[in-house]
$ cat entry-v3.csv   # CSV, C-alpha atoms
chain,number,residue,atom,x,y,z
A,1,MET,CA,-29.6,-140.1,-111.6
A,2,ALA,CA,-29.7,-143.8,-112.1
A,3,GLY,CA,-26.7,-145.2,-113.9
A,4,THR,CA,-24.4,-142.4,-113.1
A,5,ARG,CA,-21.0,-143.2,-111.6
A,6,PRO,CA,-18.7,-140.7,-109.9
A,7,ALA,CA,-15.8,-139.1,-111.8
A,8,MET,CA,-12.7,-141.3,-111.9
A,9,THR,CA,-9.6,-139.7,-110.4
A,10,LEU,CA,-6.3,-139.5,-112.2
A,11,GLU,CA,-4.8,-141.7,-109.5
A,12,ALA,CA,-7.4,-144.4,-110.3
A,13,LEU,CA,-6.6,-144.0,-114.0
A,14,ARG,CA,-2.9,-144.5,-113.3
A,15,ALA,CA,-3.6,-147.5,-111.0
A,16,LYS,CA,-5.5,-149.4,-113.7
A,17,PRO,CA,-4.7,-148.0,-117.1
A,18,PRO,CA,-5.6,-150.0,-120.3
A,19,GLY,CA,-3.4,-153.0,-120.6
A,20,GLY,CA,-2.1,-152.7,-117.0
A,21,ALA,CA,0.9,-150.5,-118.0
A,22,LEU,CA,1.9,-147.6,-115.6
A,23,VAL,CA,1.3,-144.1,-116.9
A,24,ARG,CA,4.4,-142.1,-115.9
A,25,LYS,CA,3.9,-138.8,-117.7
A,26,THR,CA,1.5,-136.0,-117.1
A,27,PRO,CA,-1.1,-135.9,-119.8
A,28,ARG,CA,-1.1,-132.7,-121.9
A,29,VAL,CA,-4.5,-131.8,-123.2
A,30,ALA,CA,-5.4,-129.3,-126.0
A,31,VAL,CA,-8.7,-127.6,-125.3
A,32,PHE,CA,-9.8,-126.1,-128.6
A,33,THR,CA,-12.0,-123.0,-128.1
A,34,ASP,CA,-12.6,-119.6,-129.5
A,35,LYS,CA,-12.9,-117.8,-126.1
A,36,LEU,CA,-12.4,-118.5,-122.4
A,37,ASP,CA,-16.0,-118.9,-121.4
A,38,TRP,CA,-17.5,-120.6,-118.4
A,39,HIS,CA,-17.3,-124.1,-119.9
A,40,VAL,CA,-13.7,-123.7,-120.9
A,41,GLU,CA,-12.7,-122.4,-117.5
A,42,HIS,CA,-14.4,-125.3,-115.8
A,43,THR,CA,-12.9,-127.7,-118.3
A,44,LEU,CA,-9.4,-126.4,-117.7
A,45,ALA,CA,-9.8,-126.5,-113.9
A,46,ALA,CA,-11.2,-130.1,-114.0
A,47,PHE,CA,-8.2,-131.3,-116.0
A,48,ARG,CA,-5.8,-129.6,-113.6
A,49,ALA,CA,-7.7,-131.1,-110.6
A,50,LEU,CA,-7.1,-134.5,-112.1
A,51,GLY,CA,-3.4,-133.9,-112.5
A,52,ALA,CA,-3.3,-133.2,-116.3
A,53,THR,CA,-1.9,-130.1,-118.0
A,54,PRO,CA,-4.5,-128.4,-120.2
A,55,VAL,CA,-3.8,-125.7,-122.7
A,56,ALA,CA,-6.5,-123.6,-124.3
A,57,VAL,CA,-5.9,-123.3,-128.0
A,58,ARG,CA,-7.7,-121.6,-130.9
A,59,LEU,CA,-8.1,-123.8,-134.0
A,60,PHE,CA,-7.6,-120.5,-135.8
A,61,ALA,CA,-4.0,-120.5,-134.7
A,62,CYS,CA,-3.2,-124.1,-135.7
A,63,ARG,CA,-1.6,-124.8,-139.0
A,64,ILE,CA,-0.4,-127.5,-141.3
A,65,ASP,CA,3.4,-127.5,-141.5
A,66,THR,CA,4.9,-130.4,-143.4
A,67,THR,CA,8.4,-129.4,-142.3
A,68,ARG,CA,7.5,-130.5,-138.7
A,69,PRO,CA,7.8,-134.1,-137.6
A,70,HIS,CA,4.0,-134.6,-137.4
A,71,GLY,CA,3.0,-132.1,-140.1
A,72,LEU,CA,1.1,-130.0,-137.6
A,73,ALA,CA,1.8,-126.9,-135.5
A,74,ILE,CA,-0.4,-126.7,-132.4
A,75,PRO,CA,0.3,-123.6,-130.2
A,76,GLY,CA,1.5,-124.5,-126.7
A,77,PHE,CA,2.8,-128.0,-127.8
A,78,ARG,CA,6.3,-128.9,-128.9
A,79,GLY,CA,4.9,-132.0,-130.4
A,80,LEU,CA,1.4,-133.5,-130.2
A,81,PRO,CA,-1.1,-133.3,-127.3
A,82,ASP,CA,-2.0,-136.6,-125.6
A,83,LEU,CA,-5.7,-135.7,-125.9
A,84,ALA,CA,-7.8,-133.0,-127.5
A,85,ILE,CA,-11.2,-131.6,-126.4
A,86,VAL,CA,-13.2,-129.6,-128.9
A,87,ARG,CA,-15.3,-126.9,-127.2
A,88,ALA,CA,-15.6,-124.6,-130.3
A,89,ILE,CA,-14.5,-124.4,-133.9
A,90,GLY,CA,-14.9,-120.6,-134.1
A,91,ASP,CA,-16.5,-118.4,-136.8
A,92,GLY,CA,-14.9,-118.1,-140.2
A,93,SER,CA,-15.3,-118.6,-143.9
A,94,LEU,CA,-16.1,-122.1,-145.4
A,95,GLU,CA,-12.4,-122.4,-146.3
A,96,ALA,CA,-11.3,-121.5,-142.7
A,97,ILE,CA,-13.8,-123.9,-141.1
A,98,THR,CA,-12.7,-126.6,-143.6
A,99,MET,CA,-9.1,-126.2,-142.6
A,100,ARG,CA,-9.8,-126.3,-138.9
A,101,LEU,CA,-11.7,-129.5,-139.3
A,102,GLY,CA,-8.8,-130.7,-141.4
A,103,VAL,CA,-6.5,-130.1,-138.4
A,104,LEU,CA,-8.8,-132.3,-136.3
A,105,HIS,CA,-8.9,-135.0,-139.0
A,106,ALA,CA,-5.0,-134.8,-139.0
A,107,LEU,CA,-4.8,-135.2,-135.2
A,108,GLU,CA,-7.1,-138.3,-135.4
A,109,ALA,CA,-4.9,-139.7,-138.2
A,110,LEU,CA,-1.9,-139.3,-135.9
A,111,GLY,CA,-3.6,-141.2,-133.1
A,112,VAL,CA,-4.6,-138.4,-130.8
A,113,PRO,CA,-7.9,-139.1,-129.0
A,114,LEU,CA,-10.5,-136.4,-129.7
A,115,VAL,CA,-13.7,-135.5,-127.9
A,116,ASN,CA,-15.3,-135.2,-130.3
A,117,GLY,CA,-13.7,-136.3,-133.6
A,118,ALA,CA,-14.0,-134.2,-136.7
A,119,ARG,CA,-16.5,-136.6,-138.4
A,120,ALA,CA,-18.8,-136.6,-135.5
A,121,ILE,CA,-18.7,-132.8,-135.3
A,122,GLU,CA,-19.5,-132.5,-139.0
A,123,ARG,CA,-22.5,-134.8,-138.6
A,124,CYS,CA,-23.9,-133.0,-135.6
A,125,THR,CA,-23.3,-129.5,-137.0
A,126,ASP,CA,-25.1,-130.3,-140.3
A,127,LYS,CA,-28.7,-130.7,-139.0
A,128,SER,CA,-29.8,-132.2,-142.3
A,129,MET,CA,-27.2,-135.0,-142.1
A,130,ALA,CA,-27.9,-135.5,-138.4
A,131,SER,CA,-31.6,-136.0,-139.3
A,132,PHE,CA,-30.7,-138.4,-142.1
A,133,LEU,CA,-28.4,-140.5,-139.8
A,134,LEU,CA,-31.0,-140.6,-137.0
A,135,ALA,CA,-33.6,-141.9,-139.5
A,136,ARG,CA,-31.1,-144.5,-140.8
A,137,ALA,CA,-30.4,-145.7,-137.3
A,138,GLY,CA,-34.1,-146.0,-136.6
A,139,VAL,CA,-34.1,-143.4,-133.9
A,140,PRO,CA,-37.5,-141.7,-133.7
A,141,ALA,CA,-37.4,-138.0,-134.5
A,142,PRO,CA,-39.8,-135.3,-135.9
A,143,GLU,CA,-40.5,-135.5,-139.6
A,144,THR,CA,-37.8,-133.4,-141.3
A,145,PHE,CA,-37.5,-131.8,-144.7
A,146,ALA,CA,-34.3,-130.0,-146.0
A,147,THR,CA,-34.0,-128.2,-149.4
A,148,GLN,CA,-32.0,-125.5,-151.1
A,149,SER,CA,-35.0,-124.4,-153.1
A,150,LEU,CA,-37.4,-121.6,-152.0
A,151,ALA,CA,-40.1,-123.0,-154.3
A,152,GLN,CA,-39.7,-126.5,-152.8
A,153,ALA,CA,-39.8,-125.1,-149.2
A,154,ARG,CA,-43.1,-123.3,-150.0
A,155,ALA,CA,-44.4,-126.5,-151.6
A,156,ILE,CA,-43.5,-128.4,-148.4
A,157,ALA,CA,-45.2,-125.8,-146.3
A,158,ARG,CA,-48.4,-126.0,-148.4
A,159,ARG,CA,-48.4,-129.8,-148.2
A,160,GLU,CA,-47.4,-130.2,-144.5
A,161,LEU,CA,-49.0,-127.2,-142.7
A,162,PRO,CA,-52.5,-128.7,-142.7
A,163,LYS,CA,-51.1,-131.4,-140.4
A,164,GLY,CA,-49.7,-128.8,-138.0
A,165,PRO,CA,-47.0,-126.1,-137.7
A,166,LEU,CA,-43.4,-126.6,-138.8
A,167,VAL,CA,-40.2,-125.3,-137.2
A,168,MET,CA,-37.4,-123.8,-139.3
A,169,LYS,CA,-33.9,-123.9,-138.0
A,170,PRO,CA,-30.6,-122.7,-139.3
A,171,LEU,CA,-28.6,-125.6,-140.7
A,172,PHE,CA,-25.7,-124.5,-138.5
A,173,GLY,CA,-26.9,-123.2,-135.2
A,174,ALA,CA,-27.2,-123.7,-131.5
A,175,GLN,CA,-28.9,-122.6,-128.3
A,176,GLY,CA,-32.2,-121.8,-130.1
A,177,TRP,CA,-30.9,-118.8,-132.0
A,178,GLY,CA,-32.5,-118.2,-135.4
A,179,VAL,CA,-35.3,-120.8,-134.9
A,180,ARG,CA,-38.7,-119.7,-136.2
A,181,LEU,CA,-42.2,-121.2,-136.2
A,182,ILE,CA,-43.8,-121.7,-139.6
A,183,GLU,CA,-47.6,-121.6,-139.4
A,184,LYS,CA,-48.4,-120.4,-142.9
A,185,GLU,CA,-46.6,-120.5,-146.2
A,186,SER,CA,-45.7,-116.8,-146.0
A,187,ASP,CA,-43.7,-117.5,-142.9
A,188,ILE,CA,-41.1,-119.2,-145.1
A,189,PRO,CA,-38.2,-116.6,-145.3
A,190,SER,CA,-36.4,-115.6,-148.4
A,191,THR,CA,-33.4,-117.6,-149.8
A,192,GLU,CA,-31.1,-114.9,-148.5
A,193,GLU,CA,-32.5,-115.0,-145.0
A,194,ALA,CA,-32.3,-118.8,-145.0
A,195,ARG,CA,-28.7,-118.6,-146.2
A,196,GLY,CA,-29.6,-120.9,-149.0
A,197,VAL,CA,-30.9,-123.8,-147.0
A,198,PHE,CA,-34.5,-124.5,-145.7
A,199,TYR,CA,-34.4,-127.0,-142.8
A,200,LEU,CA,-37.9,-127.7,-141.7
A,201,GLN,CA,-39.1,-130.0,-139.0
A,202,ARG,CA,-42.5,-131.0,-137.7
A,203,PHE,CA,-43.4,-129.0,-134.5
A,204,VAL,CA,-43.7,-131.4,-131.6
A,205,GLY,CA,-45.2,-130.2,-128.3
A,206,PRO,CA,-48.2,-128.8,-126.7
A,207,SER,CA,-50.2,-125.9,-128.3
A,208,ARG,CA,-49.8,-123.7,-125.2
A,209,PRO,CA,-47.3,-123.4,-122.3
A,210,PRO,CA,-45.8,-124.8,-120.3
A,211,TYR,CA,-43.3,-126.3,-122.9
A,212,GLU,CA,-40.6,-128.7,-122.0
A,213,ASP,CA,-38.1,-131.1,-123.4
A,214,MET,CA,-35.2,-133.2,-121.9
A,215,ARG,CA,-31.4,-132.8,-122.3
A,216,ILE,CA,-29.4,-135.9,-121.5
A,217,LEU,CA,-25.6,-135.6,-121.4
A,218,VAL,CA,-23.9,-138.7,-122.7
A,219,SER,CA,-20.2,-139.6,-122.2
A,220,ARG,CA,-18.5,-142.8,-123.4
A,221,GLY,CA,-21.7,-144.8,-123.7
A,222,GLU,CA,-23.3,-143.7,-120.4
A,223,ALA,CA,-26.0,-141.2,-119.5
A,224,VAL,CA,-24.0,-138.8,-117.2
A,225,ALA,CA,-26.8,-136.4,-116.2
A,226,ALA,CA,-30.2,-135.3,-117.3
A,227,MET,CA,-32.6,-132.4,-116.9
A,228,LYS,CA,-35.9,-131.2,-118.2
A,229,ARG,CA,-36.0,-127.7,-119.6
A,230,ARG,CA,-39.3,-125.9,-118.9
A,231,SER,CA,-40.3,-122.6,-120.4
A,232,SER,CA,-43.3,-120.4,-121.2
A,233,HIS,CA,-41.9,-120.1,-124.7
A,234,TRP,CA,-41.8,-123.0,-127.2
A,235,ILE,CA,-38.1,-122.6,-127.6
A,236,THR,CA,-36.8,-124.4,-124.5
A,237,ASN,CA,-33.0,-123.7,-124.5
A,238,VAL,CA,-31.7,-122.5,-121.1
A,239,ARG,CA,-29.9,-119.7,-122.9
A,240,GLN,CA,-33.3,-118.5,-124.1
A,241,GLY,CA,-34.7,-118.4,-120.6
A,242,ALA,CA,-35.9,-122.0,-119.9
A,243,ARG,CA,-35.6,-123.3,-116.4
A,244,PRO,CA,-33.5,-126.5,-115.7
A,245,VAL,CA,-35.4,-129.0,-113.6
A,246,ALA,CA,-33.9,-132.2,-112.2
A,247,ALA,CA,-35.2,-135.3,-113.9
A,248,ALA,CA,-34.5,-139.0,-114.0
A,249,PRO,CA,-34.8,-140.3,-117.5
A,250,THR,CA,-36.6,-143.5,-118.2
A,251,LYS,CA,-34.9,-146.5,-119.7
A,252,ALA,CA,-36.4,-145.7,-123.0
A,253,GLU,CA,-35.1,-142.1,-122.8
A,254,ARG,CA,-31.6,-143.3,-121.8
A,255,ASP,CA,-31.5,-145.9,-124.6
A,256,MET,CA,-32.6,-143.3,-127.1
A,257,ALA,CA,-30.0,-140.8,-126.1
A,258,LEU,CA,-27.3,-143.5,-126.3
A,259,ALA,CA,-28.6,-144.6,-129.7
A,260,ALA,CA,-28.6,-141.0,-131.0
A,261,SER,CA,-25.1,-140.4,-129.8
A,262,GLU,CA,-23.9,-143.6,-131.4
A,263,ALA,CA,-25.6,-142.7,-134.7
A,264,MET,CA,-23.5,-139.5,-134.8
A,265,GLY,CA,-20.3,-141.2,-133.7
A,266,THR,CA,-19.9,-138.9,-130.7
A,267,VAL,CA,-17.9,-139.8,-127.6
A,268,MET,CA,-19.6,-137.1,-125.6
A,269,ALA,CA,-22.9,-135.4,-126.6
A,270,GLY,CA,-25.9,-133.4,-125.4
A,271,VAL,CA,-29.0,-135.2,-126.7
A,272,ASP,CA,-32.3,-133.3,-126.8
A,273,LEU,CA,-35.4,-135.4,-126.5
A,274,ILE,CA,-39.1,-134.4,-126.6
A,275,ALA,CA,-42.3,-136.4,-126.0
A,276,GLY,CA,-44.4,-137.0,-129.1
A,277,ALA,CA,-48.2,-136.9,-129.2
A,278,ASP,CA,-48.2,-140.5,-128.0
A,279,GLY,CA,-46.0,-139.7,-125.0
A,280,LYS,CA,-43.0,-141.6,-126.4
A,281,PRO,CA,-39.6,-139.8,-126.7
A,282,MET,CA,-38.3,-138.5,-129.9
A,283,ALA,CA,-34.7,-137.2,-130.6
A,284,LEU,CA,-34.6,-133.5,-131.5
A,285,GLU,CA,-30.9,-132.9,-131.8
A,286,VAL,CA,-27.5,-134.2,-130.9
A,287,ASN,CA,-24.9,-131.6,-129.9
A,288,SER,CA,-21.3,-132.5,-130.2
A,289,MET,CA,-20.1,-129.4,-128.3
A,290,PRO,CA,-22.8,-129.1,-125.7
A,291,GLY,CA,-23.0,-126.7,-122.8
A,292,TRP,CA,-23.8,-128.0,-119.3
A,293,SER,CA,-24.1,-124.9,-117.2
A,294,GLY,CA,-27.9,-125.6,-116.7
A,295,LEU,CA,-27.2,-129.2,-115.9
A,296,GLN,CA,-24.6,-128.2,-113.4
A,297,ARG,CA,-27.1,-126.2,-111.4
A,298,ILE,CA,-28.9,-129.4,-110.5
A,299,ALA,CA,-26.2,-132.0,-110.7
A,300,PRO,CA,-24.7,-133.2,-107.3
A,301,PHE,CA,-21.2,-133.7,-108.8
A,302,SER,CA,-18.8,-131.8,-111.0
A,303,ILE,CA,-19.8,-132.5,-114.6
A,304,ALA,CA,-16.6,-131.0,-115.9
A,305,GLU,CA,-14.5,-133.5,-113.8
A,306,ARG,CA,-16.6,-136.4,-114.9
A,307,LEU,CA,-16.1,-135.5,-118.5
A,308,ALA,CA,-12.4,-134.8,-118.0
A,309,ALA,CA,-11.9,-138.2,-116.3
A,310,ASP,CA,-13.8,-140.0,-119.1
A,311,ALA,CA,-11.6,-138.2,-121.7
A,312,LEU,CA,-8.4,-139.0,-119.9
A,313,ALA,CA,-9.3,-142.7,-119.9
A,314,MET,CA,-9.1,-142.6,-123.7
A,315,ILE,CA,-5.3,-141.9,-123.7
A,316,PRO,CA,-3.5,-145.1,-124.8
A,317,SER,CA,-1.0,-146.6,-122.4
A,318,PRO,CA,2.7,-146.4,-123.3
A,319,ARG,CA,2.6,-150.1,-124.1
A,320,THR,CA,-0.1,-149.8,-126.7
A,321,ALA,CA,0.7,-146.4,-128.1
A,322,GLY,CA,2.3,-146.5,-131.5
A,323,ARG,CA,4.0,-143.1,-131.3
A,324,GLY,CA,5.8,-140.8,-129.0
A,325,LEU,CA,3.8,-138.0,-127.3
A,326,GLY,CA,5.3,-134.7,-126.6
$ encode --input "entry-v3.csv" --output "structure tokens"
Amino acid sequence: MAGTRPAMTLEALRAKPPGGALVRKTPRVAVFTDKLDWHVEHTLAAFRALGATPVAVRLFACRIDTTRPHGLAIPGFRGLPDLAIVRAIGDGSLEAITMRLGVLHALEALGVPLVNGARAIERCTDKSMASFLLARAGVPAPETFATQSLAQARAIARRELPKGPLVMKPLFGAQGWGVRLIEKESDIPSTEEARGVFYLQRFVGPSRPPYEDMRILVSRGEAVAAMKRRSSHWITNVRQGARPVAAAPTKAERDMALAASEAMGTVMAGVDLIAGADGKPMALEVNSMPGWSGLQRIAPFSIAERLAADALAMIPSPRTAGRGLG
């Protein structure tokens, strides 16, 4: 696609690191995940191909330990990683998730580059906050309503449904799971089913198939790859059966994807866009831990290597680093 550059090799990174200093050590990369899925395997292989040493780590296994030099214990690392990639937080209680995010916050405080940082992950994971931030940044998006009250959710449905259907999504969710179409007030689920939060968004799209939207993968301020996702169902996630189709985004679509990523504070993100009734793009979601298996089917280069090279370029040079890495 236009604007895409090939993945930078580690040799190139060593030849021209930030500040002109030579990088003499092999970067050690923590890849945070909860399982060794396709994306993690390709991420590990990409870092190895670029000369780095990646280690798959479960955030569940990390701990705060103030007796250690940096106050953290990261399995597989005697000290700190040079870089951390967050592929998954993992399931757990509110307390467990809070602590895992705390580990990421601590790594950032210690100067470890993260893709993505804890604050960006929190913003993207909480769809209500993501919608608020997109609106604040002036990024067009479907009208959105979020409430913790069943009575308010029903009132919103009564008021808004005459204008067209709504879509209800889990506040924390991905890949289209748990999404439901709201066409009448009785479609609003119980408070228990909604897990205490009703996140409602204006349905955008045609009234009948085919349905499609666009996924643009953003990395370090550039649109890396893009595809349209086409489906006979209004839920257009690839994991839900949609077909990835090669697409070249327009300048407006690229600019919107970059603006949406910037609003969330992400280094790398999967931005989902959809055409409004006027044909202009709107931002549906920003994913801080996106998959790209569908994109890889149509991309003429290794997406994992491109993302790995972009991440390695974030490691400070020895001359500018303010701490020892181990």
$ residues_around --input "entry-v3.csv" --residues "segment 66-74 of chain A" --least-positions-apart "2" --cutoff "10 Å" --atoms "only C-alpha atoms" --output "count of residues only"
18
$ residues_near_point --input "entry-v3.csv" --point "(-30.1, -131.0, -142.0)" --cutoff "12 Å" --atoms "all atoms listed in the file" --output "VMD selection string"
chain A and resid 122 to 135 143 to 148 168 to 173 197 to 201 284 to 286
$ write_last_selection --input "entry-v3.csv" --atoms "C-alpha atoms" --output "short mmCIF file (atom, residue, chain, number, x, y, z; two decimals), in the coordinates of the input"
data_model
loop_
_atom_site.label_atom_id
_atom_site.label_comp_id
_atom_site.auth_asym_id
_atom_site.auth_seq_id
_atom_site.Cartn_x
_atom_site.Cartn_y
_atom_site.Cartn_z
CA GLU A 122 -19.50 -132.50 -139.00
CA ARG A 123 -22.50 -134.80 -138.60
CA CYS A 124 -23.90 -133.00 -135.60
CA THR A 125 -23.30 -129.50 -137.00
CA ASP A 126 -25.10 -130.30 -140.30
CA LYS A 127 -28.70 -130.70 -139.00
CA SER A 128 -29.80 -132.20 -142.30
CA MET A 129 -27.20 -135.00 -142.10
CA ALA A 130 -27.90 -135.50 -138.40
CA SER A 131 -31.60 -136.00 -139.30
CA PHE A 132 -30.70 -138.40 -142.10
CA LEU A 133 -28.40 -140.50 -139.80
CA LEU A 134 -31.00 -140.60 -137.00
CA ALA A 135 -33.60 -141.90 -139.50
CA GLU A 143 -40.50 -135.50 -139.60
CA THR A 144 -37.80 -133.40 -141.30
CA PHE A 145 -37.50 -131.80 -144.70
CA ALA A 146 -34.30 -130.00 -146.00
CA THR A 147 -34.00 -128.20 -149.40
CA GLN A 148 -32.00 -125.50 -151.10
CA MET A 168 -37.40 -123.80 -139.30
CA LYS A 169 -33.90 -123.90 -138.00
CA PRO A 170 -30.60 -122.70 -139.30
CA LEU A 171 -28.60 -125.60 -140.70
CA PHE A 172 -25.70 -124.50 -138.50
CA GLY A 173 -26.90 -123.20 -135.20
CA VAL A 197 -30.90 -123.80 -147.00
CA PHE A 198 -34.50 -124.50 -145.70
CA TYR A 199 -34.40 -127.00 -142.80
CA LEU A 200 -37.90 -127.70 -141.70
CA GLN A 201 -39.10 -130.00 -139.00
CA LEU A 284 -34.60 -133.50 -131.50
CA GLU A 285 -30.90 -132.90 -131.80
CA VAL A 286 -27.50 -134.20 -130.90
#
$ residues_around --input "entry-v3.csv" --residues "segment 248-253 of chain A" --least-positions-apart "5" --cutoff "9 Å" --atoms "only C-alpha atoms" --output "PyMOL selection string"
chain A and resi 1-2+214+216+225-228+258+273+280-282
$ write_last_selection --input "entry-v3.csv" --atoms "C-alpha atoms" --output "mmCIF file, in the coordinates of the input"
data_model
loop_
_atom_site.group_PDB
_atom_site.id
_atom_site.type_symbol
_atom_site.label_atom_id
_atom_site.label_comp_id
_atom_site.auth_asym_id
_atom_site.auth_seq_id
_atom_site.Cartn_x
_atom_site.Cartn_y
_atom_site.Cartn_z
ATOM 1 C CA MET A 1 -29.600 -140.100 -111.600
ATOM 2 C CA ALA A 2 -29.700 -143.800 -112.100
ATOM 3 C CA MET A 214 -35.200 -133.200 -121.900
ATOM 4 C CA ILE A 216 -29.400 -135.900 -121.500
ATOM 5 C CA ALA A 225 -26.800 -136.400 -116.200
ATOM 6 C CA ALA A 226 -30.200 -135.300 -117.300
ATOM 7 C CA MET A 227 -32.600 -132.400 -116.900
ATOM 8 C CA LYS A 228 -35.900 -131.200 -118.200
ATOM 9 C CA LEU A 258 -27.300 -143.500 -126.300
ATOM 10 C CA LEU A 273 -35.400 -135.400 -126.500
ATOM 11 C CA LYS A 280 -43.000 -141.600 -126.400
ATOM 12 C CA PRO A 281 -39.600 -139.800 -126.700
ATOM 13 C CA MET A 282 -38.300 -138.500 -129.900
#
$ closest_residue --input "entry-v3.csv" --among "A:Thr266, A:Ser232, A:Gly294, A:Ala283" --to "Ala246 of chain A" --atoms "all atoms listed in the file"
A:Gly294
$ closest_residue --input "entry-v3.csv" --among "A:Thr98, A:Thr43, A:Ser302, A:Ser190" --to "Ala84 of chain A" --atoms "all atoms listed in the file"
A:Thr43
$ residues_around --input "entry-v3.csv" --residues "Pro27 of chain A" --least-positions-apart "4" --cutoff "8 Å" --atoms "only C-alpha atoms" --output "list in words"
Gly51, Ala52, Thr53, Pro81, Asp82, Leu83 and Leu312 of chain A
$ atom_distance --input "entry-v3.csv" --atom1 "atom CA of Pro54 of chain A" --atom2 "atom CA of Arg28 of chain A"
5.7 Å
$ atom_distance --input "entry-v3.csv" --atom1 "atom CA of Pro290 of chain A" --atom2 "atom CA of Gly270 of chain A"
5.3 Å
$ residues_around --input "entry-v3.csv" --residues "Gly265 of chain A" --least-positions-apart "3" --cutoff "9 Å" --atoms "all atoms listed in the file" --output "list in words"
Asn116, Gly117, Arg119, Ala120, Ile121, Arg123, Ala260, Ser261 and Glu262 of chain A
$ atom_distance --input "entry-v3.csv" --atom1 "atom CA of Arg230 of chain A" --atom2 "atom CA of Ala242 of chain A"
5.3 Å
$ closest_residue --input "entry-v3.csv" --among "A:Ala299, A:Ala137, A:Ala257, A:Ala304" --to "Asn287 of chain A" --atoms "all atoms listed in the file"
A:Ala257
$ closest_residue --input "entry-v3.csv" --among "A:Arg229, A:Arg100, A:Arg180, A:Arg87" --to "Met268 of chain A" --atoms "all atoms listed in the file"
A:Arg87
$ closest_residue --input "entry-v3.csv" --among "A:Met256, A:Ile303, A:Ala118, A:Ala153" --to "Asp272 of chain A" --atoms "all atoms listed in the file"
A:Met256
$ residues_around --input "entry-v3.csv" --residues "Glu305 of chain A" --least-positions-apart "2" --cutoff "12 Å" --atoms "all atoms listed in the file" --output "number ranges by chain"
A: 5-10, 39, 41-52, 219, 224, 296, 301-303, 307-312
$ closest_residue --input "entry-v3.csv" --among "A:Ala259, A:Val218, A:Leu181, A:Ala275" --to "His233 of chain A" --atoms "only C-alpha atoms"
A:Leu181
